[in-house]
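Participant: Take this structure first; my questions come after.
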Amino acid sequence: MTTYDDTMDLVRPGTRFVAFGLAVLIGVGVLGARLFYLEGTNGARLVPPMTTRPTVVEALPSSRGLIYDRAGRPLVANVPVYAVKIRPADLPLPRRPAVIARLAAMIGIPTADINATIDAYTGSSFELIEIAASVPRATADLVMESAADLPGVQIVVNTRREYPQGPLLAQVVGYTGPVSAEQLERNAAASYLPNDVIGIAGVEATYETQLRGQPGAERVERDQAGRTLQIVEATPATPGASLRLTIDSREQQIAQQALQWGIHAAGLKRGVVIVMNPQTGEVLALVSLPTYDNNTFAAGISAAGFRALANDPNKPLTNHAIQAQHAPGSTYKLVTGTGALADRKITPTTRLMTRPYLTLGRSRFYDWNRRGFGPCDILCGFAHSSDTFFFQLAGRLGIDRLGYWAHQFGFGQRTGIDLPGEAAGIVPTNDWKLQSQGLPIYPGEVYQAGIGQGYDAVTPMQLITAYAALANGGKVMQPQVVREVVAADGTVIRPFVPHVVRDVGAPQGVLAEMRKAARNVVLVRHTYNLVDLPVIVAGKSGTAEFGTRDREGRLPFHSWFVGFVPANPRIQPGDPQGLKAVARTDANLIVLAFAYDSRTKGNAATEIAKYFLQLHFGIKKDFRIPNLLHRGNFYEGN
């Protein structure tokens, strides 16, 4: 039998306690040693020193380049403006209602709008949010004086574009405005900021990259609250380049003066005058009326103000010189005549009988004078603008050859002018009609195309470019409104280079014959007393019907005139009619006038162009015939 020993039970618990205590001591020692290693030996490497503070990169906007006319006259200025901004992180939440209410009273913006602007901002609370882009200096001073009572509110000095010429050059210069969210996303690589401005129209838009320059950046050290302590590193911004235009602001003024007179005299609503050097494609003046004041956009146009402009039926925001498309009327006979001569459908001496009308099936196609002009060659047909003469030429050419020569002169495609929003126009061909309507061209439509009616549609810029090619011997020039791009240090980084788009491809003899035909338009007084000017002018007028007929079956119409002047514009003793002068290819001035819905007895565009030439050449005698511009449903010429 086993004997139970009480002394064994008393010894075992004491041994276990000692063992447990020893294990705890060893574990604590190991942990302590590890902690000592981390804190003392390797702590400096693992934990940043307390002196290191976070840094952020902030963009530095560049100064926008300026714009000058060809003579160096300033067309834009950067003026200082005072913007009101708020940094939400510096605005204590309990004080926000009182601060916003006081600020609203100072700057005249409802508290609800200020709160909405702050709440809609998705950036950092340490960034400045623009509340008002421009406030008067007195208001800015008042806000700064009240800084203690307006925590988080700051006045920042920005620049705003100011356009001294305003409406005179708005369609060319354009304007800037706040960058939109869509533009921010589309131009992400260009580092635009939410409060930046961007070119929206005119050369301000076309040359945005050059004008804007390159923004800089600075690395800023901030404290734990996000406040700026110091600038650690900075890359300065590169100022934007400036533009020198081909436009002469004095030529622009007299072109506008001539157009405004015509608008008043003829009761017009819209019109265009373009002046160009046909040798280089330089646009010397470009007037599109009605227009707008680009200063209203630069200052921040109201929603109501924008709606008024956008809903105006006469479209002041449209640059009618490059964005509006109209039937060219008889000015398009340049294409038909050149094509018929170049394709040898006629010779300069070919005479065609012009009749009161031509018949196709049951349809009659009338001459504009309802009588015809008897037998005519190209000089006669072009001078008198005989429709039946050019119906016959169009029929001989066919629609596709007519379309070919139209494209050779630059119709049906953008001219490439350095302004945004240019329209391409329409040149009808068999393929064009099949693709657009699923039908072939009919013979009657060929007739209409030959006189610039039917489907034909051109912009004023396309038309003057085509006649410039006639004047210079066949070179279709790209029109340009910017002559030079100049860096901030005065270096010309993009000099002017005339750009030939193509050669018309017609023999020089053909083009010389068409230039004489254009002079003959003036000599036979188809343009009334334009021939009496003491300078040689060659060109073509045109009327183009559109819209719906009145009670008497008459259509409203636009009027056109485009004419060029030889380098030596005065009549010479050995060339009393100026035919030798226009046969040359040295013309350095061409002018186009377009009068929208000009239902007058005479051609309103011709009178407008004539007045411009008087002003341009300083002709003291007034050759205008105001009684030709009385409104009515007249249709006495082509």
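Naming scheme: A, B, ... for chains in displayed order of the structure tokens; residues 1 onward per chain; ligands 1 onward as shown.
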Mind the document's chain letters and residue numbers, and return as a VMD selection string the residues of segment 244-474 of chain A that DSSP labels helix (DSSP H, G or I).
Facilitator: chain A and resid 249 to 266 294 to 298 303 to 310 329 to 342 378 to 384 387 to 397 399 to 408 430 to 437 443 to 450 460 to 472
Participant: If you count only C-alpha atoms, which residues fall within 10 Å of Arg502 of chain A, apart from same-chain ones fewer than 4 positions away, as a short mmCIF file (atom, residue, chain, number, x, y, z; two decimals) with C-alpha atoms, in the first residue's frame?
Facilitator:
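Resulting contents of part33.cif:
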```cif
data_model
loop_
_atom_site.label_atom_id
_atom_site.label_comp_id
_atom_site.auth_asym_id
_atom_site.auth_seq_id
_atom_site.Cartn_x
_atom_site.Cartn_y
_atom_site.Cartn_z
CA GLN A 408 -8.91 75.45 -107.42
CA PHE A 409 -9.93 78.98 -106.38
CA GLY A 410 -10.36 77.82 -102.77
CA ALA A 469 -5.66 84.86 -106.68
CA GLY A 474 -3.07 82.63 -109.79
CA LYS A 475 -1.67 82.11 -106.29
CA VAL A 476 -4.30 81.20 -103.69
CA MET A 477 -2.87 82.79 -100.56
CA GLN A 478 -3.68 81.79 -97.01
#
```
Participant: Counting only C-alpha atoms, which residues of segment 194-255 of chain A sit at most 12 Å from some atom of segment 153-161 of chain A, and what is each one's closest atom pair with its distance in Å to one decimal, listed by chain and rising residue number, as CSV?
Facilitator:
```
residue,atom,partner,partner_atom,distance
A:Asn195,CA,A:Asn158,CA,10.3
A:Asp196,CA,A:Asn158,CA,10.1
A:Val197,CA,A:Arg160,CA,9.0
A:Ile198,CA,A:Arg161,CA,10.9
A:Gly199,CA,A:Arg161,CA,10.5
A:Glu204,CA,A:Arg161,CA,10.4
A:Leu211,CA,A:Arg161,CA,12.0
```
Participant: Can you list, as number ranges by chain, every residue of segment 185-425 of chain A that DSSP puts in strand (DSSP E or B)?
Facilitator: A: 197-201, 214, 216-222, 228-235, 238, 242-245, 271-276, 282-289, 326, 352-354, 357-360, 363-366, 374-376
Participant: Between A:Gly438, A:Gly361, A:Thr336, A:Ile590, single out the one closest to Ile399 of chain A, counting only C-alpha atoms.
Facilitator: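 Distance minimum relative to Ile399 of chain A lands on A:Thr336.
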Participant: Find the residues around segment 601-616 of chain A up to 6 Å (only C-alpha atoms counted), leave out those fewer than 3 positions away in its own chain, and share them as a list of chain:residue names.
Facilitator: A:Ala255, A:Ala258, A:Leu259, A:Gly262, A:Ser559, A:Trp560, A:Phe561, A:Ala593, A:Phe594, A:Ala595, A:Ile619, A:Leu628, A:Leu629, A:Phe634
Participant: Which polymer residues have any atom within 12 Å of an atom of Asp532 of chain A, counting only C-alpha atoms, with same-chain residues fewer than 2 positions away left out, as a ChimeraX atom specification?
Facilitator: /A:522-525,527-530,534-537,570-571,577,610,614,619,621-624
Participant: Please report the interatomic distance between atom CA of Glu251 of chain A and atom CA of Leu286 of chain A in Å with one decimal.
Facilitator: 9.1 Å
Participant: Counting only C-alpha atoms, figure out which residue out of A:Asn472, A:Thr139, A:Thr350, A:Asn294 gets nearest to Cys380 of chain A.
Facilitator: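 Of A:Asn472, A:Thr139, A:Thr350, A:Asn294, the one nearest Cys380 of chain A is A:Thr350, counting only C-alpha atoms.
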Participant: Just give me the gap between atom CA of Gln453 of chain A and atom CA of Gly339 of chain A in Å, one decimal is fine.
Facilitator: 17.0 Å
Participant: Could you check which of A:Gln165, A:Thr296, A:Thr429, A:Thr111 is closest to His407 of chain A, using only C-alpha atoms?
Facilitator: A:Thr429
Participant: From the set A:His630, A:Arg137, A:His326, A:Lys345, which residue has the shortest atom-to-atom contact distance to Thr543 of chain A, counting only C-alpha atoms?
Facilitator: A:His326
Participant: Go through A:Asp597, A:Glu208, A:Asp90, A:Glu513 one by one, measure the shortest atom-to-atom distance of each to Ile378 of chain A using only C-alpha atoms, and give the residue with the smallest value.
Facilitator: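 Among A:Asp597, A:Glu208, A:Asp90, A:Glu513, it is A:Glu513 that comes nearest to Ile378 of chain A.
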Participant: Go through A:Arg219, A:Arg599, A:Lys433, A:Arg371 one by one, measure the shortest atom-to-atom distance of each to Arg554 of chain A using only C-alpha atoms, and give the residue with the smallest value.
Facilitator: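 Among A:Arg219, A:Arg599, A:Lys433, A:Arg371, it is A:Arg599 that comes nearest to Arg554 of chain A.
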